[in-house]
file target.csv (CSV, C-alpha atoms)
chain,number,residue,atom,x,y,z
S,1,MET,CA,180.9,84.6,57.6
S,2,LEU,CA,182.4,88.1,58.1
S,3,THR,CA,185.6,87.9,60.1
S,4,ALA,CA,187.2,91.3,59.8
S,5,ILE,CA,186.6,94.8,58.5
S,6,ASP,CA,189.4,97.1,57.4
S,7,ILE,CA,187.8,100.5,57.6
S,8,GLY,CA,190.9,102.3,56.2
S,9,ARG,CA,191.0,100.2,53.0
S,10,LYS,CA,187.3,99.6,52.9
S,11,VAL,CA,187.7,95.9,52.7
S,12,ALA,CA,185.6,93.2,54.4
S,13,THR,CA,187.1,89.7,55.0
S,14,PHE,CA,184.9,86.7,55.0
S,15,SER,CA,185.8,83.1,55.9
S,16,THR,CA,184.7,80.8,53.1
S,17,PRO,CA,185.1,77.0,52.5
S,18,ASN,CA,188.1,78.0,50.3
S,19,GLY,CA,189.8,80.1,53.0
S,20,ALA,CA,189.7,83.9,53.7
S,21,ALA,CA,188.2,86.1,51.0
S,22,GLU,CA,188.4,89.8,50.8
S,23,SER,CA,185.6,91.9,49.4
S,24,PRO,CA,185.8,95.7,48.8
S,25,TYR,CA,182.9,97.8,49.8
S,26,ASP,CA,181.5,101.4,49.5
S,27,PHE,CA,178.9,100.8,52.2
S,28,VAL,CA,178.7,98.0,54.6
S,29,ASN,CA,175.8,96.9,56.9
S,30,VAL,CA,176.9,94.3,59.4
S,31,VAL,CA,174.3,92.1,61.0
S,32,PRO,CA,175.7,90.6,64.2
S,33,PRO,CA,175.1,86.9,64.8
S,34,MET,CA,171.7,86.4,66.4
S,35,ARG,CA,170.5,83.4,68.4
S,36,ALA,CA,167.8,82.4,70.9
S,37,PRO,CA,168.4,83.0,74.6
S,38,GLN,CA,170.2,80.3,76.5
S,39,ALA,CA,167.1,79.0,78.3
S,40,VAL,CA,165.4,78.3,75.0
S,41,ARG,CA,168.6,76.9,73.3
S,42,ASN,CA,169.1,74.5,76.2
S,43,SER,CA,165.5,73.3,76.1
S,44,PRO,CA,163.9,70.7,73.8
S,45,LEU,CA,162.1,73.5,71.9
S,46,PRO,CA,164.5,74.6,69.2
S,47,TRP,CA,164.7,73.2,65.6
S,48,ARG,CA,166.9,70.1,65.7
S,49,THR,CA,167.9,70.2,62.0
S,50,GLY,CA,168.2,72.9,59.4
S,51,PRO,CA,169.6,76.3,59.4
S,52,TRP,CA,168.0,77.4,62.7
S,53,ALA,CA,169.2,74.4,64.8
S,54,SER,CA,172.4,76.1,65.8
S,55,GLU,CA,170.7,79.4,66.6
S,56,GLY,CA,168.0,77.8,68.7
S,57,TRP,CA,164.8,79.3,67.4
S,58,VAL,CA,161.7,77.4,68.4
S,59,GLU,CA,160.5,74.8,65.9
S,60,VAL,CA,156.9,76.0,65.2
S,61,ASP,CA,154.7,75.6,62.2
S,62,LYS,CA,155.1,78.8,60.3
S,63,ALA,CA,151.3,79.2,59.7
S,64,THR,CA,149.9,78.3,63.1
S,65,LEU,CA,153.0,79.1,65.3
S,66,ARG,CA,152.2,75.9,67.1
S,67,HIS,CA,155.2,73.8,68.1
S,68,VAL,CA,155.8,70.9,65.8
S,69,ARG,CA,156.5,68.4,68.6
S,70,PHE,CA,154.8,70.0,71.6
S,71,PRO,CA,151.2,70.9,70.4
S,72,ASN,CA,150.5,72.9,73.6
S,73,VAL,CA,153.5,75.3,73.0
S,74,PHE,CA,153.3,78.4,70.7
S,75,ALA,CA,156.0,80.8,69.9
S,76,VAL,CA,155.5,84.4,68.7
S,77,GLY,CA,158.0,87.2,68.1
S,78,ASP,CA,161.8,86.9,67.7
S,79,ILE,CA,161.9,83.5,69.3
S,80,ALA,CA,159.7,81.8,66.7
S,81,GLY,CA,161.7,79.8,64.1
S,82,VAL,CA,159.8,81.0,61.1
S,83,PRO,CA,161.3,82.4,57.8
S,84,LYS,CA,160.2,86.0,58.4
S,85,GLY,CA,159.0,88.2,61.0
S,86,LYS,CA,161.5,89.5,63.6
S,87,THR,CA,159.6,92.8,63.7
S,88,ALA,CA,157.0,94.3,66.0
S,89,ALA,CA,154.5,94.3,63.1
S,90,SER,CA,155.0,90.5,62.8
S,91,VAL,CA,154.3,90.1,66.6
S,92,LYS,CA,151.2,92.2,66.2
S,93,TRP,CA,150.0,89.8,63.5
S,94,GLN,CA,151.2,86.6,65.1
S,95,VAL,CA,149.7,87.0,68.6
S,96,PRO,CA,146.0,86.9,67.4
S,97,VAL,CA,146.7,83.7,65.5
S,98,ALA,CA,148.5,81.9,68.3
S,99,LEU,CA,145.8,83.2,70.7
S,100,ASP,CA,143.0,82.0,68.5
S,101,HIS,CA,144.5,78.5,68.4
S,102,LEU,CA,145.0,78.5,72.2
S,103,VAL,CA,141.5,79.5,72.9
S,104,ALA,CA,140.1,77.0,70.4
S,105,ASP,CA,142.2,74.3,72.1
S,106,ILE,CA,140.8,75.2,75.5
S,107,ALA,CA,137.3,75.2,74.1
S,108,GLY,CA,137.8,71.8,72.5
S,109,GLY,CA,137.5,73.2,69.0
S,110,LYS,CA,139.8,73.9,66.1
S,111,SER,CA,141.0,77.3,64.8
S,112,VAL,CA,141.6,78.0,61.1
S,113,SER,CA,143.7,81.2,61.8
S,114,VAL,CA,146.8,81.4,59.8
S,115,TYR,CA,149.8,83.7,60.0
S,116,ASP,CA,150.9,84.5,56.4
S,117,GLY,CA,154.3,85.8,57.4
S,118,TYR,CA,153.3,89.5,57.4
S,119,THR,CA,156.0,91.8,58.3
S,120,SER,CA,156.6,95.5,57.9
S,121,CYS,CA,159.8,97.5,57.4
S,122,PRO,CA,159.5,101.3,57.2
S,123,LEU,CA,162.7,102.1,55.4
S,124,ILE,CA,164.1,105.6,55.7
S,125,THR,CA,165.4,106.5,52.2
S,126,GLN,CA,166.4,110.1,52.9
S,127,TYR,CA,165.8,112.8,55.5
S,128,GLY,CA,162.0,113.4,55.5
S,129,ARG,CA,161.1,110.4,53.4
S,130,ALA,CA,160.5,106.7,54.0
S,131,MET,CA,159.0,103.7,52.3
S,132,LEU,CA,156.6,101.5,54.0
S,133,VAL,CA,157.5,98.0,52.9
S,134,GLU,CA,155.0,95.3,53.9
S,135,PHE,CA,155.3,91.7,52.7
S,136,ASP,CA,154.6,88.0,53.6
S,137,TYR,CA,156.4,84.7,53.5
S,138,GLY,CA,156.2,84.7,49.8
S,139,ASN,CA,157.7,88.2,49.5
S,140,ASN,CA,154.3,89.3,48.1
S,141,LEU,CA,153.7,93.0,48.9
S,142,THR,CA,150.8,93.2,51.4
S,143,PRO,CA,149.7,96.8,51.6
S,144,SER,CA,147.7,97.8,54.7
S,145,PHE,CA,146.4,100.9,53.1
S,146,PRO,CA,145.9,100.1,49.5
S,147,GLY,CA,145.4,103.1,47.3
S,148,VAL,CA,146.5,105.4,50.1
S,149,ILE,CA,150.0,104.5,51.1
S,150,ALA,CA,151.8,103.0,48.1
S,151,LEU,CA,154.4,100.6,49.5
S,152,LEU,CA,157.3,101.5,47.3
S,153,GLU,CA,156.7,105.2,47.2
S,154,GLU,CA,159.0,107.5,49.2
S,155,LEU,CA,156.5,109.4,51.3
S,156,TRP,CA,156.6,112.0,54.1
S,157,ILE,CA,153.6,110.3,55.9
S,158,THR,CA,155.7,107.1,56.2
S,159,TRP,CA,158.6,109.2,57.6
S,160,VAL,CA,156.1,110.7,60.1
S,161,VAL,CA,154.9,107.2,61.2
S,162,LYS,CA,158.5,106.0,61.4
S,163,THR,CA,159.9,108.9,63.3
S,164,ILE,CA,157.1,109.8,65.7
S,165,ALA,CA,154.5,107.0,65.9
S,166,LEU,CA,156.4,103.7,65.8
S,167,LYS,CA,158.3,103.9,69.1
S,168,PRO,CA,155.2,104.9,71.1
S,169,THR,CA,153.4,102.0,69.3
S,170,HIS,CA,156.0,99.6,70.4
S,171,ILE,CA,155.9,100.9,74.0
S,172,ALA,CA,152.1,100.7,74.0
S,173,MET,CA,152.4,97.1,72.7
S,174,LEU,CA,154.8,96.3,75.6
S,175,ARG,CA,152.3,97.7,78.0
S,176,GLY,CA,149.7,95.3,76.5
S,177,ARG,CA,147.6,98.2,75.2
S,178,ALA,CA,148.2,98.1,71.5
X,1,MET,CA,147.6,97.6,60.7
X,2,LYS,CA,145.6,94.5,61.3
X,3,ASN,CA,142.6,96.1,62.8
X,4,LEU,CA,142.3,99.8,63.4
X,5,ASP,CA,141.0,99.6,67.0
X,6,PRO,CA,140.1,103.0,68.4
X,7,MET,CA,141.5,102.0,71.8
X,8,VAL,CA,144.8,101.0,70.2
X,9,PHE,CA,144.9,104.4,68.5
X,10,LEU,CA,144.2,106.1,71.9
X,11,ALA,CA,146.9,104.1,73.6
X,12,VAL,CA,149.5,105.1,71.0
X,13,LEU,CA,148.5,108.7,71.1
X,14,GLN,CA,148.7,108.7,74.8
X,15,GLU,CA,152.2,107.1,74.6
X,16,MET,CA,153.1,109.8,72.1
X,17,MET,CA,151.8,112.9,73.7
X,18,GLY,CA,151.4,112.0,77.4
X,19,PRO,CA,149.3,114.5,79.4
X,20,LEU,CA,149.2,116.9,76.4
X,21,LEU,CA,146.7,114.5,74.8
X,22,TRP,CA,144.2,114.9,77.7
X,23,LEU,CA,144.8,118.7,77.6
X,24,LEU,CA,143.9,118.8,73.9
X,25,ILE,CA,140.8,116.5,74.4
X,26,ALA,CA,139.7,118.7,77.3
X,27,LEU,CA,140.2,121.8,75.2
X,28,ALA,CA,138.1,120.2,72.4
X,29,VAL,CA,135.3,119.2,74.8
X,30,ALA,CA,135.3,122.6,76.4
X,31,GLY,CA,135.2,124.3,73.0
X,32,LEU,CA,132.3,122.2,71.8
X,33,ALA,CA,130.4,122.6,75.1
X,34,GLY,CA,131.1,126.4,75.0
X,35,LEU,CA,129.8,126.5,71.4
X,36,ALA,CA,126.7,124.7,72.5
X,37,MET,CA,126.1,127.2,75.3
X,38,VAL,CA,126.8,130.2,73.2
X,39,LEU,CA,124.4,129.0,70.5
X,40,ALA,CA,121.8,128.1,73.0
X,41,ARG,CA,122.0,131.5,74.6
X,42,GLU,CA,122.0,133.5,71.3
X,43,ARG,CA,119.8,131.2,69.4
X,44,ARG,CA,121.5,132.2,66.1
X,45,ILE,CA,124.9,132.3,64.5
X,46,ASP,CA,126.5,135.7,64.5
X,47,SER,CA,127.9,135.8,61.0
X,48,HIS,CA,130.1,138.8,61.7
X,49,ARG,CA,131.7,137.0,64.6
X,50,LEU,CA,132.0,133.8,62.6
X,51,VAL,CA,134.0,135.5,59.9
X,52,TRP,CA,136.4,136.9,62.5
X,53,ALA,CA,136.6,133.4,64.2
X,54,GLU,CA,137.4,131.9,60.8
X,55,ALA,CA,140.1,134.4,60.2
X,56,VAL,CA,141.7,133.5,63.6
X,57,GLY,CA,141.1,129.8,62.7
X,58,LEU,CA,143.3,130.2,59.6
X,59,LEU,CA,146.1,131.3,61.9
X,60,GLY,CA,145.3,128.2,64.0
X,61,GLY,CA,145.7,126.0,60.9
X,62,VAL,CA,149.1,127.6,60.1
X,63,ALA,CA,150.1,127.2,63.8
X,64,SER,CA,149.2,123.5,63.6
X,65,LEU,CA,151.5,123.0,60.6
X,66,MET,CA,154.2,125.0,62.3
X,67,LEU,CA,153.9,122.7,65.3
X,68,MET,CA,154.1,119.7,63.1
X,69,ALA,CA,157.2,121.1,61.4
X,70,LYS,CA,158.7,121.6,64.8
X,71,VAL,CA,157.9,118.0,65.8
X,72,THR,CA,159.3,116.5,62.6
X,73,PHE,CA,160.7,117.6,59.3
X,74,THR,CA,157.8,118.4,57.0
X,75,ASP,CA,157.9,118.2,53.3
X,76,ALA,CA,155.3,116.5,51.1
X,77,GLY,CA,156.4,113.8,48.7
X,78,GLY,CA,153.2,112.2,47.4
X,79,PRO,CA,149.4,112.8,47.3
X,80,VAL,CA,148.7,111.3,50.6
X,81,ASP,CA,151.3,113.6,52.2
X,82,TRP,CA,149.3,116.6,50.9
X,83,LEU,CA,146.2,115.0,52.3
X,84,LEU,CA,147.8,114.7,55.7
X,85,ILE,CA,149.0,118.3,55.6
X,86,GLY,CA,145.5,119.3,54.7
X,87,VAL,CA,144.0,117.3,57.6
X,88,ILE,CA,146.5,118.8,60.1
X,89,PHE,CA,145.7,122.3,58.8
X,90,GLY,CA,142.0,121.6,58.7
X,91,MET,CA,141.9,120.3,62.3
X,92,GLY,CA,143.9,123.2,63.6
X,93,ALA,CA,141.7,125.7,61.7
X,94,ALA,CA,138.4,124.1,62.7
X,95,GLY,CA,139.4,123.8,66.4
X,96,VAL,CA,140.7,127.3,66.7
X,97,THR,CA,137.6,128.7,64.8
X,98,VAL,CA,135.3,127.1,67.4
X,99,LEU,CA,137.4,128.3,70.3
X,100,ALA,CA,137.6,131.8,68.9
X,101,TYR,CA,133.9,131.9,68.2
X,102,VAL,CA,133.2,130.8,71.7
X,103,ALA,CA,135.7,133.2,73.2
X,104,MET,CA,134.3,136.2,71.3
X,105,GLY,CA,130.8,135.2,72.4
X,106,CYS,CA,131.9,135.0,76.0
X,107,ILE,CA,133.7,138.4,75.7
X,108,LYS,CA,130.6,140.0,74.3
X,109,HIS,CA,128.6,138.8,77.3
X,110,ARG,CA,131.5,139.8,79.6
X,111,CYS,CA,130.9,136.8,81.6
X,112,GLY,CA,133.0,133.8,80.7
X,113,CYS,CA,131.3,130.8,79.2
X,114,CYS,CA,129.3,129.7,82.2
X,115,GLY,CA,127.7,133.0,83.4
X,116,GLY,CA,124.5,134.8,82.5
call {"tool": "encode", "arguments": {"input": "target.csv", "output": "structure tokens"}}
result
Amino acid sequence: MLTAIDIGRKVATFSTPNGAAESPYDFVNVVPPMRAPQAVRNSPLPWRTGPWASEGWVEVDKATLRHVRFPNVFAVGDIAGVPKGKTAASVKWQVPVALDHLVADIAGGKSVSVYDGYTSCPLITQYGRAMLVEFDYGNNLTPSFPGVIALLEELWITWVVKTIALKPTHIAMLRGRA
Amino acid sequence: MKNLDPMVFLAVLQEMMGPLLWLLIALAVAGLAGLAMVLARERRIDSHRLVWAEAVGLLGGVASLMLMAKVTFTDAGGPVDWLLIGVIFGMGAAGVTVLAYVAMGCIKHRCGCCGG
């Protein structure tokens, strides 16, 4: 785990089983520790074993998003303890799956909807260019616009989507309209 | 995107442009309605006027691209980028051509679009 950064020397210090270890860097991207909100961590919902137990993400089946121990509980979005998908695009794909299972439960039927781990990361690569990177649990590329937007191509259209369309899309999602 | 639902598209555009979206839609509807009225009244296409309208329309296309460049940095990287630039130019050009044709038709009859 990262314990210190010396900006002057450009050295990051990590705690390791063998003690502190220094690592030089040219560019460093620090991801702060993330965990579920207290209400969820203190509930019976989180994973009880494995890497997510200490972070408190909800123990759901990664394909159905249904809780492993409480079949009437589903988790979508950041709170879901699944291997991918802490993005708005994931939520957009997860909600219809969870909803389908809920509706099927209420109707007394069974849903076959599956969330394949779809997530999308528009990566800005330079001013005016971005790559649309879409992939699933298996890290297979899953292009939404095959033949139109090549996933690993640096494109202006992806920059346009990233810079002017994504924030409004997220807000429209929060309003329940997208 | 999972499903390209037109209502989702509308919601995002509304979030993006706010009241400007309704202004543009109103302008488009008014342009088409005006075109229908001008055509109905004249019962023909005035080719001389159409050429002038198209010339103004080209300026409209350029203005659309300038507006886009103002909104965000514009520089094509791949084929689909050129396609988008073409669509933006085309929509601006077509819209302004229609509006110019209608406006010139109205001026000719010195009456605005809804008079006799």
call {"tool": "interface_residues", "arguments": {"input": "target.csv", "of": "chain S", "to": "chain X", "cutoff": "10 Å", "atoms": "only C-alpha atoms", "output": "PyMOL selection string"}}
result
chain S and resi 89+92-93+96+118+120+127-130+143-145+147-150+153-160+163-173+175-178
call {"tool": "closest_residue", "arguments": {"input": "target.csv", "among": "X:Leu99, X:Leu23, X:Leu65, X:Leu32", "to": "Val87 (chain X)", "atoms": "all atoms listed in the file"}}
result
X:Leu65
call {"tool": "residues_around", "arguments": {"input": "target.csv", "residues": "region 105-112 of chain S", "least_positions_apart": "2", "cutoff": "12 Å", "atoms": "only C-alpha atoms", "output": "ChimeraX atom specification"}}
result
/S:63-64,66,71-74,96-103,114-115
call {"tool": "atom_distance", "arguments": {"input": "target.csv", "atom1": "CA of Ala75 (chain S)", "atom2": "CA of Val60 (chain S)"}}
result
6.8 Å
call {"tool": "closest_residue", "arguments": {"input": "target.csv", "among": "X:Ile107, X:Ser47, X:Ala40, X:Gly60", "to": "Gly95 (chain X)", "atoms": "all atoms listed in the file"}}
result
X:Gly60
call {"tool": "decode", "arguments": {"input": "target.csv", "residues": "region 29-63 of chain X", "atoms": "N, CA and C atoms", "output": "PDB file, in the first residue's frame"}}
result
ATOM      1  N   VAL X  29     -39.187  23.800 -36.593  1.00  0.00           N
ATOM      2  CA  VAL X  29     -40.617  23.608 -36.896  1.00  0.00           C
ATOM      3  C   VAL X  29     -41.147  24.814 -37.658  1.00  0.00           C
ATOM      4  N   ALA X  30     -40.762  26.019 -37.197  1.00  0.00           N
ATOM      5  CA  ALA X  30     -41.223  27.243 -37.870  1.00  0.00           C
ATOM      6  C   ALA X  30     -40.706  27.284 -39.305  1.00  0.00           C
ATOM      7  N   GLY X  31     -39.449  26.871 -39.496  1.00  0.00           N
ATOM      8  CA  GLY X  31     -38.865  26.857 -40.841  1.00  0.00           C
ATOM      9  C   GLY X  31     -39.617  25.919 -41.768  1.00  0.00           C
ATOM     10  N   LEU X  32     -39.904  24.715 -41.266  1.00  0.00           N
ATOM     11  CA  LEU X  32     -40.608  23.732 -42.102  1.00  0.00           C
ATOM     12  C   LEU X  32     -42.041  24.172 -42.377  1.00  0.00           C
ATOM     13  N   ALA X  33     -42.683  24.728 -41.351  1.00  0.00           N
ATOM     14  CA  ALA X  33     -44.058  25.208 -41.544  1.00  0.00           C
ATOM     15  C   ALA X  33     -44.049  26.361 -42.547  1.00  0.00           C
ATOM     16  N   GLY X  34     -43.075  27.256 -42.391  1.00  0.00           N
ATOM     17  CA  GLY X  34     -42.966  28.390 -43.322  1.00  0.00           C
ATOM     18  C   GLY X  34     -42.725  27.912 -44.741  1.00  0.00           C
ATOM     19  N   LEU X  35     -41.862  26.888 -44.874  1.00  0.00           N
ATOM     20  CA  LEU X  35     -41.572  26.338 -46.209  1.00  0.00           C
ATOM     21  C   LEU X  35     -42.852  25.775 -46.828  1.00  0.00           C
ATOM     22  N   ALA X  36     -43.602  25.036 -46.002  1.00  0.00           N
ATOM     23  CA  ALA X  36     -44.860  24.461 -46.504  1.00  0.00           C
ATOM     24  C   ALA X  36     -45.798  25.562 -46.965  1.00  0.00           C
ATOM     25  N   MET X  37     -45.862  26.652 -46.195  1.00  0.00           N
ATOM     26  CA  MET X  37     -46.777  27.749 -46.556  1.00  0.00           C
ATOM     27  C   MET X  37     -46.321  28.457 -47.829  1.00  0.00           C
ATOM     28  N   VAL X  38     -45.003  28.707 -47.922  1.00  0.00           N
ATOM     29  CA  VAL X  38     -44.480  29.388 -49.112  1.00  0.00           C
ATOM     30  C   VAL X  38     -44.714  28.528 -50.356  1.00  0.00           C
ATOM     31  N   LEU X  39     -44.449  27.226 -50.228  1.00  0.00           N
ATOM     32  CA  LEU X  39     -44.640  26.320 -51.373  1.00  0.00           C
ATOM     33  C   LEU X  39     -46.114  26.238 -51.742  1.00  0.00           C
ATOM     34  N   ALA X  40     -46.963  26.199 -50.718  1.00  0.00           N
ATOM     35  CA  ALA X  40     -48.406  26.098 -50.984  1.00  0.00           C
ATOM     36  C   ALA X  40     -48.898  27.352 -51.709  1.00  0.00           C
ATOM     37  N   ARG X  41     -48.350  28.498 -51.308  1.00  0.00           N
ATOM     38  CA  ARG X  41     -48.807  29.758 -51.905  1.00  0.00           C
ATOM     39  C   ARG X  41     -48.287  29.905 -53.333  1.00  0.00           C
ATOM     40  N   GLU X  42     -47.013  29.517 -53.535  1.00  0.00           N
ATOM     41  CA  GLU X  42     -46.416  29.746 -54.860  1.00  0.00           C
ATOM     42  C   GLU X  42     -46.623  28.575 -55.813  1.00  0.00           C
ATOM     43  N   ARG X  43     -46.879  27.421 -55.266  1.00  0.00           N
ATOM     44  CA  ARG X  43     -47.128  26.207 -56.047  1.00  0.00           C
ATOM     45  C   ARG X  43     -45.981  25.855 -56.990  1.00  0.00           C
ATOM     46  N   ARG X  44     -44.780  26.322 -56.647  1.00  0.00           N
ATOM     47  CA  ARG X  44     -43.608  25.940 -57.428  1.00  0.00           C
ATOM     48  C   ARG X  44     -42.362  26.279 -56.600  1.00  0.00           C
ATOM     49  N   ILE X  45     -41.240  25.730 -57.044  1.00  0.00           N
ATOM     50  CA  ILE X  45     -39.982  26.099 -56.393  1.00  0.00           C
ATOM     51  C   ILE X  45     -39.321  27.182 -57.239  1.00  0.00           C
ATOM     52  N   ASP X  46     -39.016  28.291 -56.601  1.00  0.00           N
ATOM     53  CA  ASP X  46     -38.359  29.404 -57.296  1.00  0.00           C
ATOM     54  C   ASP X  46     -36.861  29.091 -57.337  1.00  0.00           C
ATOM     55  N   SER X  47     -36.368  28.632 -58.487  1.00  0.00           N
ATOM     56  CA  SER X  47     -34.987  28.136 -58.539  1.00  0.00           C
ATOM     57  C   SER X  47     -33.974  29.250 -58.286  1.00  0.00           C
ATOM     58  N   HIS X  48     -34.288  30.465 -58.732  1.00  0.00           N
ATOM     59  CA  HIS X  48     -33.391  31.592 -58.512  1.00  0.00           C
ATOM     60  C   HIS X  48     -33.223  31.849 -57.017  1.00  0.00           C
ATOM     61  N   ARG X  49     -34.366  31.829 -56.326  1.00  0.00           N
ATOM     62  CA  ARG X  49     -34.333  32.062 -54.884  1.00  0.00           C
ATOM     63  C   ARG X  49     -33.637  30.900 -54.168  1.00  0.00           C
ATOM     64  N   LEU X  50     -33.871  29.684 -54.677  1.00  0.00           N
ATOM     65  CA  LEU X  50     -33.268  28.502 -54.050  1.00  0.00           C
ATOM     66  C   LEU X  50     -31.741  28.569 -54.101  1.00  0.00           C
ATOM     67  N   VAL X  51     -31.216  29.035 -55.227  1.00  0.00           N
ATOM     68  CA  VAL X  51     -29.765  29.148 -55.352  1.00  0.00           C
ATOM     69  C   VAL X  51     -29.219  30.134 -54.317  1.00  0.00           C
ATOM     70  N   TRP X  52     -29.910  31.277 -54.174  1.00  0.00           N
ATOM     71  CA  TRP X  52     -29.487  32.250 -53.156  1.00  0.00           C
ATOM     72  C   TRP X  52     -29.596  31.662 -51.752  1.00  0.00           C
ATOM     73  N   ALA X  53     -30.707  30.913 -51.520  1.00  0.00           N
ATOM     74  CA  ALA X  53     -30.896  30.301 -50.197  1.00  0.00           C
ATOM     75  C   ALA X  53     -29.781  29.304 -49.913  1.00  0.00           C
ATOM     76  N   GLU X  54     -29.377  28.567 -50.953  1.00  0.00           N
ATOM     77  CA  GLU X  54     -28.305  27.590 -50.767  1.00  0.00           C
ATOM     78  C   GLU X  54     -26.972  28.278 -50.478  1.00  0.00           C
ATOM     79  N   ALA X  55     -26.777  29.421 -51.136  1.00  0.00           N
ATOM     80  CA  ALA X  55     -25.541  30.177 -50.876  1.00  0.00           C
ATOM     81  C   ALA X  55     -25.503  30.627 -49.417  1.00  0.00           C
ATOM     82  N   VAL X  56     -26.638  31.125 -48.924  1.00  0.00           N
ATOM     83  CA  VAL X  56     -26.712  31.524 -47.515  1.00  0.00           C
ATOM     84  C   VAL X  56     -26.553  30.285 -46.630  1.00  0.00           C
ATOM     85  N   GLY X  57     -27.126  29.166 -47.091  1.00  0.00           N
ATOM     86  CA  GLY X  57     -27.048  27.901 -46.351  1.00  0.00           C
ATOM     87  C   GLY X  57     -25.611  27.464 -46.132  1.00  0.00           C
ATOM     88  N   LEU X  58     -24.760  27.674 -47.152  1.00  0.00           N
ATOM     89  CA  LEU X  58     -23.346  27.316 -46.990  1.00  0.00           C
ATOM     90  C   LEU X  58     -22.740  28.082 -45.822  1.00  0.00           C
ATOM     91  N   LEU X  59     -23.114  29.368 -45.727  1.00  0.00           N
ATOM     92  CA  LEU X  59     -22.632  30.163 -44.587  1.00  0.00           C
ATOM     93  C   LEU X  59     -23.140  29.558 -43.272  1.00  0.00           C
ATOM     94  N   GLY X  60     -24.386  29.071 -43.326  1.00  0.00           N
ATOM     95  CA  GLY X  60     -24.967  28.435 -42.139  1.00  0.00           C
ATOM     96  C   GLY X  60     -24.159  27.207 -41.727  1.00  0.00           C
ATOM     97  N   GLY X  61     -23.729  26.429 -42.729  1.00  0.00           N
ATOM     98  CA  GLY X  61     -22.907  25.258 -42.442  1.00  0.00           C
ATOM     99  C   GLY X  61     -21.595  25.647 -41.788  1.00  0.00           C
ATOM    100  N   VAL X  62     -20.974  26.689 -42.340  1.00  0.00           N
ATOM    101  CA  VAL X  62     -19.707  27.175 -41.771  1.00  0.00           C
ATOM    102  C   VAL X  62     -19.941  27.681 -40.346  1.00  0.00           C
ATOM    103  N   ALA X  63     -21.072  28.403 -40.162  1.00  0.00           N
ATOM    104  CA  ALA X  63     -21.379  28.930 -38.827  1.00  0.00           C
ATOM    105  C   ALA X  63     -21.562  27.790 -37.831  1.00  0.00           C
TER     106      ALA X  63
END
